[in-house]
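Student: See data19.txt below, with compact mmCIF, C-alpha atoms and all ligand atoms.
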# COMPACT_ATOMS: atom_id res chain seq x y z
CA MET B 1095 128.04 176.74 158.81
CA SER B 1096 125.04 178.87 157.88
CA ASN B 1097 122.17 180.36 159.83
CA CYS B 1098 119.13 178.29 160.71
CA THR B 1099 116.43 179.31 158.22
CA VAL B 1100 113.62 179.16 160.77
CA PRO B 1101 112.53 182.81 161.16
CA GLY B 1102 113.92 184.39 164.31
CA CYS B 1103 116.22 181.49 165.17
CA PRO B 1104 119.60 182.75 166.36
CA ARG B 1105 121.39 179.41 166.02
CA THR B 1106 123.59 178.19 163.22
CA ALA B 1107 122.88 175.05 161.24
CA PRO B 1108 125.42 172.24 160.87
CA ASP B 1109 127.34 172.06 157.59
CA GLY B 1110 125.19 171.18 154.59
CA VAL B 1111 121.83 171.69 156.26
CA HIS B 1112 119.62 174.73 156.78
CA ALA B 1113 118.07 174.10 160.18
CA CYS B 1114 119.61 173.95 163.66
CA PRO B 1115 119.37 170.60 165.54
CA LEU B 1116 116.61 171.94 167.78
CA HIS B 1117 114.35 172.88 164.88
CA ALA B 1118 115.18 169.69 162.97
CA ASP B 1119 114.11 167.73 166.02
CA GLU B 1120 110.97 169.79 166.36
CA LEU B 1121 110.03 169.04 162.74
CA ARG B 1122 110.49 165.33 163.37
CA ALA B 1123 108.29 165.52 166.48
CA TRP B 1124 105.58 167.48 164.64
CA LEU B 1125 105.44 164.98 161.79
CA ALA B 1126 105.05 162.22 164.39
CA GLU B 1127 102.34 164.13 166.24
CA LEU B 1128 100.28 165.36 163.28
CA PRO B 1129 98.41 162.09 162.51
CA ARG B 1130 97.23 161.84 166.12
CA GLN B 1131 96.12 165.45 166.13
CA ALA B 1132 94.23 165.02 162.85
CA HIS B 1133 92.46 162.03 164.38
CA LEU B 1134 91.45 164.10 167.44
CA LEU B 1135 90.32 166.90 165.17
CA ALA B 1136 88.04 164.53 163.24
CA GLU B 1137 85.94 164.11 166.40
CA PHE B 1138 84.82 167.70 166.02
CA VAL B 1139 82.99 167.02 162.78
CA GLU B 1140 81.21 163.82 163.74
CA PRO B 1141 77.40 164.03 163.57
CA ALA B 1142 75.73 165.83 166.46
CA GLY B 1143 73.83 163.80 169.04
CA ARG B 1144 76.73 161.69 170.17
CA PRO B 1145 76.49 160.69 173.84
CA ARG B 1146 79.14 163.12 174.95
CA THR B 1147 77.20 166.07 173.59
CA ALA B 1148 74.02 165.05 175.44
CA ARG B 1149 73.19 166.38 178.86
CA LEU B 1150 73.30 163.56 181.38
CA GLY B 1151 70.38 163.51 183.80
CA GLY B 1152 68.75 166.86 184.53
CA THR B 1153 66.09 167.84 182.08
CA GLY B 1154 66.52 164.70 180.01
CA ARG B 1155 66.90 166.53 176.73
CA ALA B 1156 70.00 166.79 174.69
CA HIS B 1157 71.92 169.95 174.03
CA ALA B 1158 71.36 171.57 170.70
CA PRO B 1159 73.77 170.02 168.22
CA VAL B 1160 77.16 171.66 168.32
CA PRO B 1161 77.48 173.60 165.10
CA VAL B 1162 80.16 172.21 162.87
CA ASP B 1163 83.05 174.58 162.62
CA LEU B 1164 83.79 175.22 158.98
CA ARG B 1165 87.42 175.84 159.82
CA VAL B 1166 87.68 172.25 161.11
CA LEU B 1167 86.03 170.94 157.95
CA THR B 1168 88.46 172.94 155.86
CA LEU B 1169 91.46 171.64 157.81
CA LEU B 1170 90.35 168.06 157.21
CA GLY B 1171 89.18 168.60 153.65
CA PRO B 1172 91.05 167.74 150.47
CA GLY B 1173 91.77 171.24 149.19
CA HIS B 1174 94.54 171.92 146.75
CA PRO B 1175 98.26 171.74 147.29
CA GLN B 1176 99.80 175.15 147.58
CA PRO B 1177 103.32 175.80 146.51
CA PRO B 1178 105.42 176.60 149.57
CA SER B 1179 105.64 180.29 150.45
CA ASP B 1180 102.85 181.07 148.01
CA ASP B 1181 100.86 183.94 149.42
CA PRO B 1182 101.47 183.14 153.09
CA ASP B 1183 99.29 186.06 154.16
CA ALA B 1184 96.20 184.89 152.32
CA GLY B 1185 94.69 184.26 155.75
CA GLY B 1186 92.84 181.17 154.58
CA THR B 1187 93.03 177.88 156.38
CA VAL B 1188 95.19 175.45 154.45
CA PRO B 1189 93.89 171.88 154.67
CA ILE B 1190 96.31 169.51 156.40
CA ARG B 1191 96.51 167.13 153.46
CA ALA B 1192 96.97 169.92 150.94
CA LEU B 1193 99.85 171.35 152.95
CA LEU B 1194 101.51 167.94 153.25
CA ASP B 1195 100.88 167.16 149.55
CA GLY B 1196 102.42 170.47 148.56
CA TRP B 1197 105.56 169.88 150.58
CA ALA B 1198 105.89 166.23 149.56
CA GLY B 1199 105.66 167.36 145.94
CA ARG B 1200 108.23 170.08 146.49
CA LEU B 1201 110.62 167.66 148.19
CA ALA B 1202 110.13 165.01 145.54
CA TYR B 1203 110.80 167.58 142.84
CA ASP B 1204 114.08 168.61 144.45
CA TYR B 1205 115.16 165.09 145.30
CA PRO B 1206 117.43 163.75 142.59
CA ALA B 1207 116.38 160.23 141.73
CA VAL B 1208 118.95 158.44 139.64
CA HIS B 1209 117.96 155.43 137.62
CA ARG B 1210 119.78 153.56 134.91
CA ASP B 1211 118.31 152.71 131.55
CA PRO B 1212 118.86 149.28 129.94
CA TYR B 1213 122.11 150.58 128.41
CA GLY B 1214 123.52 151.51 131.81
CA THR B 1215 123.24 155.25 131.37
CA ALA B 1216 122.31 157.10 134.56
CA HIS B 1217 119.42 159.54 134.34
CA THR B 1218 118.72 162.03 137.07
CA GLN B 1219 115.16 163.14 137.48
CA PRO B 1220 112.86 164.34 140.24
CA CYS B 1221 111.81 161.57 142.60
CA GLU B 1222 108.28 160.46 141.87
CA ALA B 1223 108.16 157.87 144.64
CA TYR B 1224 105.93 160.01 146.82
CA ARG B 1225 103.03 159.42 144.44
CA ALA B 1226 103.18 155.69 144.89
CA THR B 1227 104.21 155.15 148.49
CA GLY B 1228 102.48 156.18 151.65
CA GLY B 1229 99.26 156.98 149.87
CA PRO B 1230 97.46 160.27 150.18
CA THR B 1231 96.58 159.82 153.85
CA ILE B 1232 97.89 162.21 156.49
CA THR B 1233 99.74 159.35 158.19
CA GLY B 1234 101.24 158.21 154.89
CA ARG B 1235 102.43 161.70 154.04
CA CYS B 1236 103.94 162.23 157.49
CA THR B 1237 105.75 158.90 157.31
CA TRP B 1238 107.09 159.75 153.88
CA LEU B 1239 108.20 163.25 154.88
CA THR B 1240 109.91 161.84 157.98
CA ALA B 1241 111.80 159.32 155.86
CA TYR B 1242 113.03 162.10 153.57
CA LEU B 1243 113.63 164.64 156.35
CA PRO B 1244 117.43 164.27 156.27
CA TYR B 1245 117.32 165.40 152.64
CA ALA B 1246 114.69 168.08 153.31
CA LEU B 1247 117.00 169.62 155.91
CA THR B 1248 119.54 170.33 153.16
CA ARG B 1249 117.03 172.51 151.28
CA PRO B 1250 116.94 176.27 151.89
CA TRP B 1251 113.12 176.15 152.18
CA ILE B 1252 113.21 174.00 155.32
CA GLY B 1253 112.54 177.10 157.45
CA ASP B 1254 109.29 177.69 155.50
CA LEU B 1255 108.21 174.10 156.08
CA HIS B 1256 108.97 174.48 159.78
CA GLN B 1257 106.93 177.65 160.01
CA GLN B 1258 103.93 176.28 158.09
CA LEU B 1259 103.84 173.03 160.06
CA GLY B 1260 104.15 174.95 163.33
CA ASP B 1261 101.30 177.27 162.34
CA LEU B 1262 99.19 174.30 161.27
CA LEU B 1263 99.70 172.45 164.56
CA ALA B 1264 98.99 175.60 166.57
CA ARG B 1265 95.71 175.97 164.66
CA ILE B 1266 94.81 172.33 165.35
CA TYR B 1267 95.70 172.64 169.04
CA ASP B 1268 93.23 175.56 169.20
CA PHE B 1269 90.46 173.06 168.48
CA THR B 1270 91.72 169.91 170.16
CA HIS B 1271 93.29 171.64 173.19
CA ALA B 1272 95.63 168.68 173.12
CA THR B 1273 98.83 170.58 173.64
CA PRO B 1274 102.01 168.62 174.19
CA HIS B 1275 102.67 167.49 177.72
CA THR B 1276 105.13 169.13 180.05
CA HIS B 1277 107.38 166.84 182.07
CA HIS B 1278 108.99 168.21 185.22
CA LYS B 1279 112.60 167.25 185.72
CA THR B 1280 113.99 166.16 189.04
CA ALA B 1281 117.16 168.26 189.22
CA PRO B 1282 117.03 172.01 189.89
CA CYS B 1283 118.03 174.61 187.31
CA PRO B 1284 121.83 174.94 187.16
CA THR B 1285 121.48 178.71 186.76
CA CYS B 1286 118.84 179.81 189.27
CA ASP B 1287 118.66 176.68 191.47
CA VAL B 1288 114.86 176.60 191.29
CA PHE B 1289 113.12 173.25 190.66
CA ALA B 1290 111.52 174.53 187.46
CA LEU B 1291 113.16 172.58 184.65
CA VAL B 1292 110.72 171.05 182.20
CA ALA B 1293 110.84 168.97 179.05
CA VAL B 1294 107.98 169.57 176.60
CA ASP B 1295 106.89 166.88 174.11
CA GLY B 1296 108.33 167.64 170.73
CA ARG B 1297 110.90 170.13 172.00
CA TRP B 1298 114.53 169.25 171.98
CA GLU B 1299 115.78 171.47 174.77
CA ILE B 1300 114.95 171.41 178.45
CA THR B 1301 113.93 174.84 179.71
CA CYS B 1302 113.70 176.50 183.10
CA GLN B 1303 110.26 177.99 183.70
CA ALA B 1304 111.72 180.30 186.33
CA CYS B 1305 114.64 181.94 184.56
CA GLY B 1306 114.35 180.76 180.96
CA HIS B 1307 117.65 178.90 181.00
CA ARG B 1308 117.85 176.23 178.30
CA LEU B 1309 120.00 173.16 178.14
CA GLU B 1310 120.32 170.20 175.84
CA PRO B 1311 119.20 166.75 177.05
CA ASP B 1312 122.80 165.52 177.30
CA ALA B 1313 123.81 168.52 179.35
CA TYR B 1314 120.81 167.98 181.61
CA ASP B 1315 121.68 164.31 182.12
CA GLN B 1316 125.20 165.24 183.19
CA HIS B 1317 123.89 167.98 185.43
CA ALA B 1318 121.28 165.64 186.98
CA ALA B 1319 123.87 162.91 187.59
CA HIS B 1320 126.16 165.42 189.28
CA TYR B 1321 123.26 166.78 191.34
CA LEU B 1322 122.31 163.27 192.43
CA ARG B 1323 125.87 162.53 193.54
CA THR B 1324 125.97 165.76 195.55
CA ILE B 1325 122.78 165.07 197.48
CA GLN B 1326 123.78 161.47 198.11
CA GLU B 1327 127.15 162.37 199.58
CA PRO B 1328 127.20 162.00 203.35
CA ALA B 1329 127.19 165.37 205.03
ZN ZN B 1401 116.74 176.94 164.47
ZN ZN B 1402 116.48 178.65 186.08
Have the structure of the file written as structure tokens, please.
Ligand SMILES: [Zn+2]
Ligand SMILES: [Zn+2]

Tutor:
Amino acid sequence: MSNCTVPGCPRTAPDGVHACPLHADELRAWLAELPRQAHLLAEFVEPAGRPRTARLGGTGRAHAPVPVDLRVLTLLGPGHPQPPSDDPDAGGTVPIRALLDGWAGRLAYDYPAVHRDPYGTAHTQPCEAYRATGGPTITGRCTWLTAYLPYALTRPWIGDLHQQLGDLLARIYDFTHATPHTHHKTAPCPTCDVFALVAVDGRWEITCQACGHRLEPDAYDQHAAHYLRTIQEPA
């Protein structure tokens, strides 16, 4: 058992990996969400004069074109892969694809690919598969990283990846305002008894918005089943 490498996380990680189950799950959810967010973000750089930017009725003239935000262009641009943890305080916006390329490259470099030559001798070398599969698209990269996530979790840099992906998504949400949905649960909080338990897309745990109590989905299911039995019992 070692500590979860996500900064500030108090939990321990299971044997052989460097992230707690909650943060591993969050990474998986972020990689699934990123392509959709990038797609939403792309709408912000489409040419001005689209119907939704025009004033309907009224004076009959369109709004001035919405100025293109250079930060959005940068996020969607090609850029250059940055080695993980390289100058994290540079303050610049790292393009989505560059960040994913950098981490895919890092993972592929660490991943031991074993192949046998015609004489049957095994050679271990960094995995180069990421260059061929998935392509350089954001979706392709996310799919590839998800496939290799079980291995990535065994690397001590997984906390850095978590932090950079989290920062990236937060930056994108600033533009798209498409934050993950909150789902209210039917059973009350087992600690404070208030009906304030919520599940948030991409988060593993269920949290109480009243008292901050957290519980795992399994624990909630048991609690909810018990609660249901209690209210169904004849008085
Ligand atoms: Zn953690
Ligand atoms: Zn509570």

Student: Show me which residues line ligand ZN 1402 (chain B), defined as having an atom within 10 Å of a ligand atom where only C-alpha atoms and all ligand atoms count, and present them as number ranges by chain.

Tutor: B: 1282-1291, 1301-1308

Student: To one decimal place, how far is atom CA of Leu1263 of chain B from atom CA of Asn1097 of chain B in Å?

Tutor: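 Computing it gives 24.3 Å between the two atoms.
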
Student: For each of B:Leu1169, B:Ala1281, B:Cys1236, B:Met1095, take the minimum atom-to-atom distance to His1320 of chain B, counting all atoms listed in the file, then give the residue where this is smallest.

Tutor: B:Ala1281

Student: With a cut-off of 8 Å, could you pull out the residues of chain B touching ligand ZN 1401 (chain B) and give me the nearest pair of atoms for each, distance in Å to one decimal, using all atoms listed in the file, ordered by chain and ascending number, as CSV?

Tutor:
residue,atom,partner,partner_atom,distance
B:Asn1097,CA,B:ZN1401,ZN,7.9
B:Cys1098,CA,B:ZN1401,ZN,4.7
B:Thr1099,CA,B:ZN1401,ZN,6.7
B:Val1100,CA,B:ZN1401,ZN,5.3
B:Pro1101,CA,B:ZN1401,ZN,7.9
B:Gly1102,CA,B:ZN1401,ZN,8.0
B:Cys1103,CA,B:ZN1401,ZN,4.6
B:Pro1104,CA,B:ZN1401,ZN,6.7
B:Arg1105,CA,B:ZN1401,ZN,5.5
B:Thr1106,CA,B:ZN1401,ZN,7.1
B:Ala1107,CA,B:ZN1401,ZN,7.2
B:Ala1113,CA,B:ZN1401,ZN,5.3
B:Cys1114,CA,B:ZN1401,ZN,4.2
B:Pro1115,CA,B:ZN1401,ZN,6.9
B:Leu1116,CA,B:ZN1401,ZN,6.0
B:His1117,CA,B:ZN1401,ZN,4.7
B:Ala1118,CA,B:ZN1401,ZN,7.6

Student: Can you work out the spacing between atom CA of Glu1120 of chain B and atom CA of Gly1260 of chain B in Å, to one decimal?

Tutor: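 Taking atom CA of Glu1120 of chain B and atom CA of Gly1260 of chain B, their separation equals 9.1 Å.
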
Student: Which residue out of B:Tyr1242, B:Glu1137, B:Asp1195, B:Thr1233 has the minimum interatomic distance to Leu1167 of chain B when all atoms listed in the file are used?

Tutor: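 Using all atoms listed in the file, Leu1167 of chain B sits closest to B:Glu1137.
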
Student: Just the number, please: distance in Å from atom CA of Arg1130 of chain B to atom CA of Leu1194 of chain B, one decimal.

Tutor: 14.9 Å

Student: Using all atoms listed in the file, which of the listed residues (B:Val1166, B:Tyr1245, B:Leu1121, B:Thr1237) sits closest to Asp1204 of chain B?

Tutor: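 When distances to Asp1204 of chain B are compared using all atoms listed in the file, the smallest one comes from B:Tyr1245.
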
Student: Env of Thr1248 of chain B: 8 Å cut, atoms = all atoms listed in the file, seq-sep filter 6 positions within chain, self excluded. Answer as an MDAnalysis selection string.

Tutor: chainID B and resid 1110:1112

Student: Given 5 Å on each side, where is the centre and what are the edge lengths in Å to one decimal of the axis-aligned box enclosing the listed atoms of segment 1129-1136 of chain B, as AutoDock Vina command-line options?

Tutor:
--center_x 93.2 --center_y 164.4 --center_z 165.0 --size_x 20.4 --size_y 15.1 --size_z 14.9
